[in-house]
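Q: So here's upload38.txt (compact mmCIF, C-alpha atoms).
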```
# COMPACT_ATOMS: atom_id res chain seq x y z
CA MET W 35 -150.91 -27.78 72.01
CA ASP W 36 -153.12 -24.73 71.72
CA PHE W 37 -151.37 -21.83 69.99
CA ASN W 38 -153.97 -19.26 71.01
CA VAL W 39 -153.15 -20.05 74.59
CA ILE W 40 -149.45 -19.73 73.86
CA ASN W 41 -149.96 -16.33 72.25
CA GLU W 42 -151.91 -15.25 75.25
CA TYR W 43 -149.20 -16.40 77.65
CA ILE W 44 -146.18 -14.95 75.86
CA PRO W 45 -146.44 -11.41 77.34
CA LEU W 46 -146.60 -12.89 80.84
CA TYR W 47 -143.44 -14.87 80.21
CA LYS W 48 -141.75 -11.85 78.69
CA ASN W 49 -142.30 -9.88 81.89
CA ALA W 50 -141.10 -12.81 83.93
CA LEU W 51 -137.97 -13.10 81.79
CA LEU W 52 -137.23 -9.42 82.33
CA LEU W 53 -137.59 -9.79 86.09
CA THR W 54 -135.44 -12.94 86.10
CA LEU W 55 -132.77 -11.19 84.06
CA LYS W 56 -132.91 -8.08 86.24
CA ILE W 57 -132.43 -9.94 89.50
CA GLY W 58 -130.03 -12.39 87.91
CA TRP W 59 -127.90 -9.54 86.56
CA GLN W 60 -127.91 -7.70 89.89
CA GLY W 61 -127.02 -10.88 91.72
CA ILE W 62 -124.18 -11.62 89.31
CA LEU W 63 -122.79 -8.10 89.78
CA VAL W 64 -122.88 -8.54 93.55
CA SER W 65 -121.20 -11.93 93.24
CA LEU W 66 -118.46 -10.55 90.97
CA PHE W 67 -117.84 -7.75 93.43
CA ILE W 68 -117.58 -10.23 96.31
CA GLY W 69 -115.44 -12.46 94.11
CA LEU W 70 -112.91 -9.70 93.35
CA ILE W 71 -112.65 -8.48 96.94
CA GLY W 72 -112.54 -12.01 98.35
CA SER W 73 -109.92 -13.31 95.96
CA ALA W 74 -107.78 -10.21 96.55
CA ILE W 75 -107.95 -10.94 100.29
CA LEU W 76 -106.88 -14.53 99.70
CA TYR W 77 -104.19 -13.37 97.25
CA PHE W 78 -102.62 -10.96 99.75
CA ARG W 79 -103.15 -13.47 102.59
CA ILE W 80 -104.64 -10.80 104.88
CA LYS W 81 -104.74 -12.53 108.22
CA ILE W 82 -108.11 -12.45 109.96
CA LEU W 83 -110.10 -11.58 106.83
CA LYS W 84 -108.65 -14.64 105.10
CA THR W 85 -110.22 -16.90 107.71
CA PHE W 86 -113.56 -15.13 107.36
CA ILE W 87 -113.52 -15.59 103.61
CA GLY W 88 -112.70 -19.27 104.05
CA ILE W 89 -115.66 -19.76 106.39
CA TYR W 90 -117.95 -17.79 104.08
CA ILE W 91 -117.00 -19.94 101.09
CA GLU W 92 -117.54 -23.19 102.97
CA ILE W 93 -120.94 -22.10 104.31
CA PHE W 94 -122.36 -20.91 101.03
CA ARG W 95 -120.93 -23.69 98.90
CA ASN W 96 -122.33 -26.36 101.18
CA THR W 97 -125.94 -25.21 101.49
CA PRO W 98 -128.64 -24.95 98.82
CA LEU W 99 -129.75 -21.55 97.55
CA LEU W 100 -133.33 -22.47 98.44
CA VAL W 101 -132.42 -22.84 102.11
CA GLN W 102 -130.36 -19.65 102.01
CA LEU W 103 -133.29 -17.75 100.54
CA PHE W 104 -135.70 -19.15 103.12
CA PHE W 105 -133.34 -17.99 105.82
CA ILE W 106 -132.95 -14.50 104.37
CA TYR W 107 -136.62 -14.06 103.49
CA PHE W 108 -138.47 -15.79 106.34
CA ALA W 109 -136.00 -15.95 109.24
CA LEU W 110 -134.16 -12.63 109.17
CA PRO W 111 -137.34 -10.51 109.58
CA LYS W 112 -137.83 -12.19 112.96
CA ILE W 113 -134.70 -10.49 114.26
CA GLY W 114 -135.70 -7.19 112.68
CA ILE W 115 -134.03 -7.39 109.26
CA VAL W 116 -136.85 -6.99 106.76
CA LEU W 117 -135.89 -7.02 103.08
CA SER W 118 -138.09 -6.96 100.00
CA ALA W 119 -138.33 -10.15 97.95
CA GLU W 120 -136.27 -8.56 95.19
CA VAL W 121 -133.47 -7.53 97.52
CA CYS W 122 -133.55 -11.01 99.08
CA GLY W 123 -133.21 -12.60 95.66
CA THR W 124 -130.32 -10.35 94.69
CA LEU W 125 -128.59 -10.83 98.02
CA GLY W 126 -129.08 -14.59 98.07
CA LEU W 127 -127.83 -15.02 94.53
CA GLY W 128 -124.96 -12.62 95.14
CA LEU W 129 -123.80 -14.38 98.30
CA LEU W 130 -124.05 -17.83 96.74
CA GLY W 131 -122.35 -16.68 93.55
CA GLY W 132 -119.67 -14.80 95.47
CA ALA W 133 -118.47 -18.03 97.05
CA TYR W 134 -118.07 -19.59 93.61
CA MET W 135 -116.59 -16.47 91.99
CA ILE W 136 -113.88 -16.16 94.65
CA GLU W 137 -112.70 -19.69 93.90
CA THR W 138 -112.76 -19.13 90.14
CA ILE W 139 -110.89 -15.82 90.24
CA ARG W 140 -108.43 -17.14 92.81
CA SER W 141 -107.53 -20.14 90.69
CA GLY W 142 -106.97 -17.70 87.81
CA LEU W 143 -104.69 -15.57 90.00
CA GLU W 144 -102.76 -18.64 91.10
CA SER W 145 -102.18 -19.74 87.52
CA ILE W 146 -100.04 -16.65 86.87
CA PRO W 147 -96.34 -17.42 87.43
CA VAL W 148 -94.74 -15.79 90.48
CA ILE W 149 -92.15 -14.18 88.21
CA GLN W 150 -94.84 -11.80 86.97
CA ARG W 151 -95.40 -10.53 90.47
CA GLU W 152 -91.66 -10.28 91.11
CA SER W 153 -91.03 -8.47 87.85
CA ALA W 154 -93.79 -6.01 88.64
CA ALA W 155 -92.25 -5.43 92.06
CA SER W 156 -88.80 -4.90 90.55
CA LEU W 157 -90.28 -2.29 88.21
CA GLY W 158 -91.37 -0.41 91.31
CA LEU W 159 -95.06 -1.22 91.27
CA ASN W 160 -96.56 -1.68 94.70
CA GLU W 161 -98.60 -4.77 95.57
CA MET W 162 -101.93 -3.18 94.66
CA GLN W 163 -100.66 -1.82 91.34
CA SER W 164 -99.08 -5.13 90.43
CA LEU W 165 -102.35 -6.96 91.13
CA TRP W 166 -104.50 -4.47 89.25
CA HIS W 167 -102.29 -3.76 86.22
CA VAL W 168 -100.27 -6.95 85.80
CA ILE W 169 -101.76 -10.01 87.47
CA LEU W 170 -105.50 -9.44 87.25
CA PRO W 171 -105.74 -8.78 83.49
CA GLN W 172 -103.92 -12.08 82.82
CA ALA W 173 -105.82 -13.95 85.48
CA ILE W 174 -109.23 -12.81 84.27
CA SER W 175 -108.61 -14.16 80.79
CA VAL W 176 -107.75 -17.51 82.34
CA SER W 177 -110.87 -17.40 84.49
CA VAL W 178 -113.33 -16.34 81.80
CA PRO W 179 -114.68 -19.80 80.94
CA GLY W 180 -115.10 -20.53 84.64
CA LEU W 181 -116.79 -17.19 85.21
CA LEU W 182 -119.23 -17.81 82.37
CA ALA W 183 -120.00 -21.26 83.75
CA ASN W 184 -120.78 -19.55 87.05
CA VAL W 185 -123.04 -17.05 85.28
CA ILE W 186 -125.02 -19.88 83.69
CA PHE W 187 -125.18 -21.69 87.01
CA LEU W 188 -126.48 -18.57 88.76
CA LEU W 189 -129.08 -17.78 86.10
CA LYS W 190 -130.30 -21.36 86.41
CA GLU W 191 -130.49 -21.03 90.16
CA THR W 192 -132.85 -18.07 89.78
CA SER W 193 -135.56 -20.70 89.25
CA VAL W 194 -135.90 -21.03 93.04
CA PHE W 195 -136.93 -17.39 93.38
CA SER W 196 -140.52 -18.44 92.84
CA THR W 197 -140.52 -19.77 96.41
CA ILE W 198 -140.17 -16.27 97.85
CA SER W 199 -142.98 -15.15 95.54
CA LEU W 200 -140.92 -13.31 92.95
CA MET W 201 -142.77 -13.49 89.64
CA ASP W 202 -139.99 -15.14 87.69
CA LEU W 203 -140.31 -17.67 84.86
CA MET W 204 -140.84 -20.60 87.21
CA PHE W 205 -143.46 -18.72 89.21
CA THR W 206 -145.35 -17.77 86.07
CA ALA W 207 -145.40 -21.35 84.82
CA LYS W 208 -146.50 -22.68 88.19
CA ASP W 209 -149.16 -20.04 88.47
CA LEU W 210 -150.58 -20.70 85.00
CA ILE W 211 -150.61 -24.46 85.56
CA GLY W 212 -152.39 -23.96 88.83
CA MET W 213 -155.00 -21.56 87.44
CA TYR W 214 -155.81 -22.84 83.97
CA ALA W 215 -154.33 -26.36 83.92
CA LYS W 216 -152.79 -25.69 80.49
CA THR W 217 -149.79 -27.71 81.62
CA ILE W 218 -148.24 -28.47 78.25
CA GLU W 219 -148.38 -24.92 76.94
CA ALA W 220 -147.07 -23.44 80.18
CA LEU W 221 -144.16 -25.90 80.37
CA PHE W 222 -143.35 -25.48 76.67
CA LEU W 223 -143.01 -21.72 77.07
CA LEU W 224 -140.99 -22.21 80.25
CA VAL W 225 -138.45 -24.29 78.35
CA VAL W 226 -138.38 -21.88 75.41
CA PHE W 227 -137.77 -18.87 77.62
CA TYR W 228 -135.00 -20.55 79.57
CA LEU W 229 -133.39 -21.45 76.25
CA ILE W 230 -133.67 -17.84 75.08
CA MET W 231 -131.97 -16.71 78.25
CA LEU W 232 -129.22 -19.31 78.55
CA LEU W 233 -128.38 -20.72 75.12
CA PRO W 234 -126.51 -17.60 73.89
CA ILE W 235 -124.38 -17.51 77.03
CA SER W 236 -123.65 -21.20 76.77
CA ILE W 237 -122.57 -20.85 73.13
CA LEU W 238 -120.43 -17.83 74.00
CA GLY W 239 -118.81 -19.93 76.72
CA THR W 240 -117.95 -22.72 74.30
CA ILE W 241 -116.43 -20.28 71.80
CA LEU W 242 -114.37 -18.50 74.44
CA GLU W 243 -113.13 -21.75 75.86
CA ARG W 244 -111.98 -22.90 72.45
CA ARG W 245 -110.18 -19.61 71.84
CA MET W 246 -108.57 -19.82 75.25
CA ARG W 247 -107.19 -23.23 74.40
CA TYR W 248 -105.72 -21.91 71.14
CA GLY W 249 -104.16 -19.12 73.15
CA GLN W 250 -102.52 -21.54 75.50
CA PHE W 251 -101.02 -23.73 72.84
CA GLY W 252 -99.85 -20.75 70.82
CA ASP W 253 -102.08 -21.80 67.91
CA MET O 260 -138.90 -10.28 122.27
CA ASP O 261 -139.60 -13.91 122.97
CA SER O 262 -137.55 -16.90 122.04
CA LEU O 263 -136.37 -17.38 118.49
CA GLY O 264 -137.77 -20.84 118.07
CA ILE O 265 -135.18 -23.06 119.64
CA ASP O 266 -137.80 -24.26 122.16
CA VAL O 267 -140.19 -25.08 119.31
CA LEU O 268 -137.62 -27.43 117.88
CA PHE O 269 -137.60 -29.57 120.96
CA LYS O 270 -141.36 -29.58 121.38
CA GLY O 271 -142.77 -33.04 120.78
CA THR O 272 -141.11 -34.85 117.92
CA ASN O 273 -140.28 -31.75 115.90
CA PHE O 274 -136.56 -32.27 115.77
CA VAL O 275 -136.86 -35.94 114.91
CA ARG O 276 -139.23 -35.02 112.10
CA LEU O 277 -136.71 -32.56 110.72
CA LEU O 278 -134.05 -35.24 110.72
CA GLN O 279 -136.42 -37.65 108.99
CA GLY O 280 -137.03 -34.99 106.36
CA LEU O 281 -133.31 -34.56 105.90
CA TRP O 282 -132.94 -38.31 105.52
CA ILE O 283 -135.44 -38.27 102.66
CA SER O 284 -133.28 -35.74 100.81
CA VAL O 285 -130.15 -37.75 101.49
CA GLU O 286 -131.87 -40.98 100.46
CA ILE O 287 -133.09 -39.56 97.14
CA SER O 288 -129.64 -38.21 96.37
CA MET O 289 -127.86 -41.44 97.31
CA ILE O 290 -130.09 -43.51 95.04
CA SER O 291 -129.68 -40.97 92.25
CA VAL O 292 -125.90 -40.84 92.62
CA ALA O 293 -125.64 -44.63 92.54
CA PHE O 294 -127.54 -44.80 89.24
CA SER O 295 -125.73 -41.76 87.86
CA ILE O 296 -122.29 -43.23 88.48
CA VAL O 297 -123.10 -46.46 86.65
CA LEU O 298 -124.95 -44.85 83.76
CA GLY O 299 -122.53 -41.92 83.65
CA THR O 300 -119.57 -44.24 83.19
CA VAL O 301 -121.25 -45.84 80.19
CA VAL O 302 -122.32 -42.49 78.74
CA GLY O 303 -118.84 -41.10 79.34
CA MET O 304 -117.30 -43.92 77.35
CA PHE O 305 -119.70 -43.30 74.51
CA MET O 306 -118.72 -39.63 74.59
CA THR O 307 -115.22 -40.58 73.51
CA VAL O 308 -116.52 -42.52 70.51
CA ARG O 309 -115.74 -40.92 67.16
CA ASN O 310 -119.11 -41.65 65.60
CA ARG O 311 -120.75 -38.41 64.44
CA ILE O 312 -124.32 -39.29 65.33
CA VAL O 313 -123.42 -40.56 68.79
CA LYS O 314 -121.46 -37.38 69.35
CA ILE O 315 -124.30 -35.08 68.31
CA VAL O 316 -126.88 -36.93 70.38
CA LEU O 317 -124.73 -36.87 73.51
CA LYS O 318 -123.71 -33.24 72.98
CA THR O 319 -127.37 -32.27 72.78
CA TYR O 320 -128.16 -34.26 75.88
CA LEU O 321 -125.34 -32.62 77.81
CA GLU O 322 -126.37 -29.18 76.63
CA ILE O 323 -130.00 -29.71 77.68
CA VAL O 324 -128.90 -30.73 81.15
CA ARG O 325 -126.49 -27.80 81.35
CA ILE O 326 -129.07 -25.22 80.35
CA MET O 327 -132.33 -26.38 81.92
CA PRO O 328 -132.68 -25.67 85.62
CA GLN O 329 -133.33 -28.89 87.56
CA MET O 330 -136.59 -27.41 88.75
CA VAL O 331 -137.82 -27.10 85.16
CA LEU O 332 -136.91 -30.74 84.54
CA LEU O 333 -138.78 -31.74 87.68
CA PHE O 334 -141.86 -29.89 86.50
CA ILE O 335 -141.66 -31.39 83.04
CA VAL O 336 -141.46 -34.93 84.38
CA TYR O 337 -143.90 -34.56 87.24
CA PHE O 338 -146.54 -32.36 85.66
CA GLY O 339 -145.77 -32.53 81.94
CA THR O 340 -145.23 -36.20 81.19
CA THR O 341 -148.04 -37.30 83.48
CA ARG O 342 -150.32 -35.06 81.45
CA VAL O 343 -149.13 -36.16 78.04
CA PHE O 344 -148.85 -39.88 78.67
CA GLN O 345 -151.64 -40.09 81.22
CA TRP O 346 -149.57 -42.12 83.62
CA ASP O 347 -149.23 -41.74 87.30
CA ILE O 348 -145.81 -41.56 88.92
CA SER O 349 -144.98 -40.70 92.48
CA ALA O 350 -143.12 -37.49 93.19
CA GLU O 351 -140.20 -39.53 94.52
CA ALA O 352 -139.90 -41.50 91.29
CA ALA O 353 -140.07 -38.29 89.27
CA ALA O 354 -137.37 -36.73 91.43
CA ILE O 355 -135.06 -39.72 91.15
CA PHE O 356 -135.61 -39.87 87.40
CA VAL O 357 -134.69 -36.20 87.00
CA PHE O 358 -131.65 -36.41 89.24
CA VAL O 359 -130.39 -39.50 87.45
CA PHE O 360 -130.94 -37.77 84.10
CA TRP O 361 -128.94 -34.81 85.35
CA GLY O 362 -126.32 -36.80 87.27
CA THR O 363 -125.64 -39.13 84.36
CA ALA O 364 -124.75 -36.20 82.13
CA GLU O 365 -122.51 -34.64 84.78
CA MET O 366 -120.82 -37.95 85.55
CA GLY O 367 -120.52 -38.75 81.85
CA ASP O 368 -118.69 -35.50 81.26
CA LEU O 369 -116.32 -36.23 84.14
CA VAL O 370 -115.61 -39.73 82.81
CA ARG O 371 -115.08 -38.36 79.31
CA GLY O 372 -112.62 -35.77 80.66
CA SER O 373 -110.61 -38.33 82.57
CA ILE O 374 -110.49 -40.83 79.72
CA LYS O 375 -109.35 -38.03 77.42
CA SER O 376 -106.60 -37.16 79.87
CA ILE O 377 -105.02 -40.62 79.53
CA PRO O 378 -102.22 -40.37 76.95
CA LYS O 379 -103.00 -42.04 73.65
CA ILE O 380 -99.93 -44.19 73.95
CA GLN O 381 -101.60 -46.16 76.75
CA PHE O 382 -104.32 -47.29 74.33
CA GLU O 383 -101.82 -48.02 71.58
CA SER O 384 -99.54 -50.01 73.87
CA ALA O 385 -102.46 -52.09 75.10
CA TYR O 386 -103.56 -52.82 71.54
CA ALA O 387 -99.96 -53.65 70.61
CA LEU O 388 -99.97 -56.22 73.40
CA GLY O 389 -102.96 -57.83 71.73
CA MET O 390 -105.66 -56.68 74.12
CA ASN O 391 -109.12 -56.07 72.77
CA LYS O 392 -111.16 -52.94 73.46
CA PHE O 393 -112.84 -54.29 76.55
CA GLN O 394 -109.60 -55.54 78.05
CA THR O 395 -107.89 -52.25 77.31
CA TYR O 396 -110.54 -50.26 79.13
CA TYR O 397 -110.91 -52.75 81.96
CA TYR O 398 -107.25 -53.39 82.76
CA ILE O 399 -105.46 -50.29 81.53
CA ILE O 400 -107.68 -47.22 81.28
CA PHE O 401 -110.17 -47.49 84.16
CA PRO O 402 -107.61 -48.14 86.89
CA GLN O 403 -105.88 -44.93 85.84
CA THR O 404 -109.03 -42.81 85.69
CA ILE O 405 -110.56 -44.03 88.92
CA ARG O 406 -108.32 -42.02 91.23
CA ARG O 407 -109.26 -38.85 89.46
CA LEU O 408 -112.92 -39.78 89.32
CA ILE O 409 -113.60 -40.74 92.93
CA PRO O 410 -113.12 -37.26 94.43
CA LEU O 411 -115.18 -35.74 91.63
CA SER O 412 -118.05 -38.18 92.09
CA ILE O 413 -118.04 -37.57 95.84
CA ASN O 414 -118.41 -33.92 94.98
CA LEU O 415 -121.40 -34.86 92.86
CA ILE O 416 -123.05 -36.31 95.98
CA THR O 417 -122.99 -32.96 97.77
CA ARG O 418 -124.36 -31.24 94.70
CA MET O 419 -127.15 -33.82 94.58
CA ILE O 420 -128.00 -33.32 98.24
CA LYS O 421 -128.13 -29.56 97.73
CA THR O 422 -130.30 -29.90 94.66
CA THR O 423 -132.75 -32.28 96.35
CA SER O 424 -133.98 -29.30 98.35
CA LEU O 425 -135.97 -28.50 95.20
CA VAL O 426 -138.16 -31.58 95.54
CA MET O 427 -140.43 -29.79 97.97
CA MET O 428 -141.70 -27.93 94.92
CA ILE O 429 -143.30 -31.11 93.58
CA GLY O 430 -144.81 -31.99 96.92
CA ILE O 431 -142.26 -34.26 98.59
CA VAL O 432 -142.25 -33.57 102.31
CA GLU O 433 -138.56 -33.14 103.06
CA VAL O 434 -136.67 -31.14 105.63
CA LEU O 435 -137.55 -27.66 104.34
CA LYS O 436 -141.23 -28.51 103.98
CA ILE O 437 -141.33 -29.96 107.50
CA ALA O 438 -139.61 -26.81 108.76
CA GLN O 439 -142.35 -24.77 107.12
CA GLN O 440 -145.02 -26.95 108.71
CA ILE O 441 -143.46 -26.58 112.14
CA VAL O 442 -143.31 -22.80 111.74
CA GLU O 443 -146.93 -22.69 110.61
CA ALA O 444 -148.14 -24.91 113.44
CA ASN O 445 -146.51 -22.73 116.07
CA ARG O 446 -147.41 -19.40 114.51
CA ASN O 447 -149.47 -18.29 117.53
CA SER O 448 -147.52 -19.69 120.43
CA SER O 449 -144.12 -18.74 119.07
CA PRO O 450 -144.32 -16.16 116.26
CA ASN O 451 -140.57 -15.88 115.90
CA ALA O 452 -139.97 -19.59 115.45
CA ALA O 453 -139.11 -19.11 111.78
CA PHE O 454 -135.70 -17.81 112.73
CA GLY O 455 -134.62 -20.74 114.84
CA VAL O 456 -136.18 -23.40 112.65
CA PHE O 457 -134.80 -22.15 109.33
CA ALA O 458 -131.41 -21.48 110.92
CA VAL O 459 -131.34 -25.11 112.04
CA VAL O 460 -132.26 -26.34 108.55
CA PHE O 461 -129.45 -24.20 107.16
CA LEU O 462 -127.09 -25.76 109.69
CA LEU O 463 -128.31 -29.30 109.01
CA TYR O 464 -127.55 -28.99 105.30
CA PHE O 465 -124.14 -27.64 106.14
CA ILE O 466 -123.43 -30.45 108.60
CA VAL O 467 -124.30 -33.03 105.95
CA CYS O 468 -122.54 -31.47 102.96
CA TRP O 469 -119.44 -29.98 104.51
CA PRO O 470 -117.72 -33.20 105.65
CA ILE O 471 -118.44 -34.83 102.30
CA SER O 472 -116.96 -31.99 100.31
CA ARG O 473 -113.95 -31.79 102.67
CA PHE O 474 -113.41 -35.50 102.15
CA SER O 475 -113.45 -35.04 98.40
CA VAL O 476 -110.90 -32.21 98.62
CA TYR O 477 -108.74 -34.40 100.85
CA LEU O 478 -108.81 -37.30 98.37
CA GLU O 479 -108.15 -34.98 95.47
CA LYS O 480 -105.03 -33.59 97.18
CA ARG O 481 -103.82 -37.00 98.27
CA TRP O 482 -104.23 -38.69 94.93
CA ALA O 483 -103.30 -35.81 92.70
```
Show me, as structure tokens, the structure contained in the file I just sent.
A:
Amino acid sequence: MDFNVINEYIPLYKNALLLTLKIGWQGILVSLFIGLIGSAILYFRIKILKTFIGIYIEIFRNTPLLVQLFFIYFALPKIGIVLSAEVCGTLGLGLLGGAYMIETIRSGLESIPVIQRESAASLGLNEMQSLWHVILPQAISVSVPGLLANVIFLLKETSVFSTISLMDLMFTAKDLIGMYAKTIEALFLLVVFYLIMLLPISILGTILERRMRYGQFGD
Amino acid sequence: MDSLGIDVLFKGTNFVRLLQGLWISVEISMISVAFSIVLGTVVGMFMTVRNRIVKIVLKTYLEIVRIMPQMVLLFIVYFGTTRVFQWDISAEAAAIFVFVFWGTAEMGDLVRGSIKSIPKIQFESAYALGMNKFQTYYYIIFPQTIRRLIPLSINLITRMIKTTSLVMMIGIVEVLKIAQQIVEANRNSSPNAAFGVFAVVFLLYFIVCWPISRFSVYLEKRWA
């Protein structure tokens, strides 16, 4: 391994990491937004919208992100919808993640006993207030480990962005291998930078999960 | 505005080629799942062992698989190891190796979870009846875990199929790559073909994965 080469490459990877994090973060925000709206729709059993959400979940959970991105980036422009690569990445990640977030938040909502909802209603809270002030805060704490697992999953999935020519970590590594054939150095840095991005979140997830379990058993 | 590429699909053998490409993805994932289930069961059993070193090794393994994107693993095996060890492996072999590496960890974790969920008294009762470790697992524990495991491993198949779409990045010509080729070849005669062709690929993946994941949900509900 040539450390001069590694030193030379580090700034490139740093930029790539920032781009990956930027799009990853945007995509996760979109997916959380979709997740909240979608799970609220399922929670209130709103008729037609409920069916739509069901179809949306099935479609996006049963196709790979790579294919979704190809569709958004290469196919949609043909019917007049032209989006920049960055917007495509955010949208693709957000839509994929949304399908997973809805399920995670919904299972959190369902874990809250019905009596909570009834008690809230008997205190005069309307449905929306009871969801927002009573059910959701409890449900979120149940869902947190699942949500973090989704976050890791989504950040990992960002590796396919290189196919729509976003200069993310994967793209940088591929590019450097292709140009200078310093395969080992490029792959080494790729691994290191993914670790920098994901290890802290993974550790946080483990800690939270453990604390959650204490919470459940009353420690 | 001319056609959106549906005609291109039925030109010559285009559609058959797409299906062949899809079959390659399905084939790679089937082989990988088969290996993963066998190896994962063994790894899962080792995960319940109380030995410190075994625990640390397997934890590290699981964590690596959890954190590294499959694409990175593919690159490491296909470009990295071939460089370091100077050997020559086909892209298919590299892909299967990576998916088995990944699937074994996933499956192992599922097996560990389901063994852990069996009450301790089942083990103790079996030992009290004079069974040895092998007999206990074979006659008492596995039959109880299998119902929980089957739906989860079916789910793993769909995840494998979805992940195999990545293999085009190491040069395997599968459905997405063939779609790209078709679009490129018809660029002049049908410039909008990308829409139809990629929409069909999208649909094909859905048609393959959806029934499998429905089936797993059905089993899970029925056996729960």
Q: Residues within 7 Å of Ile62 in chain W, please, as an MDAnalysis selection string. Count all atoms listed in the file; anything in the same chain fewer than 3 positions from it doesn't count.
A: chainID W and resid 58:59 65:66 128 131 185
Q: Can you check which residues of chain W have any atom within 9 Å of chain O? Use only C-alpha atoms and format it as number ranges by chain.
A: W: 92-102, 104-105, 108-113, 186-187, 189-194, 197, 204, 208, 211, 217-218, 221-222, 224-225, 228-229, 232-233, 236
Q: Might you pull out every residue within 12 Å of Gly180 in chain W, with only C-alpha atoms counted and same-chain residues fewer than 6 positions away left off, and present them as a JSON list (two decimals) with C-alpha atoms, keeping the file's coordinate frame?
A:
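Ended up saving to out-v5.json:
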```json
[["chain", "number", "residue", "atom", "x", "y", "z"],
["W", 134, "TYR", "CA", -118.07, -19.59, 93.61],
["W", 135, "MET", "CA", -116.59, -16.47, 91.99],
["W", 136, "ILE", "CA", -113.88, -16.16, 94.65],
["W", 137, "GLU", "CA", -112.70, -19.69, 93.90],
["W", 138, "THR", "CA", -112.76, -19.13, 90.14],
["W", 139, "ILE", "CA", -110.89, -15.82, 90.24],
["W", 140, "ARG", "CA", -108.43, -17.14, 92.81],
["W", 141, "SER", "CA", -107.53, -20.14, 90.69],
["W", 142, "GLY", "CA", -106.97, -17.70, 87.81],
["W", 173, "ALA", "CA", -105.82, -13.95, 85.48],
["W", 174, "ILE", "CA", -109.23, -12.81, 84.27],
["W", 186, "ILE", "CA", -125.02, -19.88, 83.69],
["W", 187, "PHE", "CA", -125.18, -21.69, 87.01],
["W", 236, "SER", "CA", -123.65, -21.20, 76.77],
["W", 239, "GLY", "CA", -118.81, -19.93, 76.72],
["W", 240, "THR", "CA", -117.95, -22.72, 74.30],
["W", 242, "LEU", "CA", -114.37, -18.50, 74.44],
["W", 243, "GLU", "CA", -113.13, -21.75, 75.86],
["W", 246, "MET", "CA", -108.57, -19.82, 75.25]]
```
Q: Tell me, in Å to one decimal, how far CA of Leu369 in chain O is from CA of Ala183 in chain W.
A: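 These atoms are spaced 15.4 Å apart.
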Q: Would you compute the distance between CA of Gly303 in chain O and CA of Tyr396 in chain O? Give it in Å to one decimal.
A: 12.4 Å
Q: One decimal, Å: what's the distance from CA of Phe78 in chain W over to CA of Pro179 in chain W, could you say?
A: 24.0 Å
Q: Quick one: residues within 8 Å of Ser295 in chain O, all atoms listed in the file counted, chain neighbours fewer than 3 positions away excluded, as an MDAnalysis selection string?
A: chainID O and resid 291:292 298:299 359:360 362:363 366
Q: Which residue, W:Ala220, W:Phe227, W:Tyr77, W:Phe37, has the smallest gap to Ser164 in chain W when you use only C-alpha atoms?
A: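 Nearest to Ser164 in chain W: W:Tyr77.
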Q: Extract, using all atoms listed in the file, all DNA, RNA and protein residues at most 9 Å from Ala350 in chain O, discarding same-chain residues fewer than 4 positions from it, and format them as a list in words.
A: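 Once the nearby chain positions are removed, what remains is Tyr337, Ala354, Ile355, Val426, Ile429, Gly430 and Ile431 of chain O.
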Q: Considering all atoms listed in the file, return as a list of chain:residue names whatever protein or nucleic-acid residues lie within 12 Å of Pro45 in chain W, sequence-local ones (same chain, fewer than 6 positions apart) excluded.
A: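 The contact residues come out as W:Val39, W:Leu51, W:Leu52, W:Leu203, W:Thr206, W:Leu223, W:Phe227.
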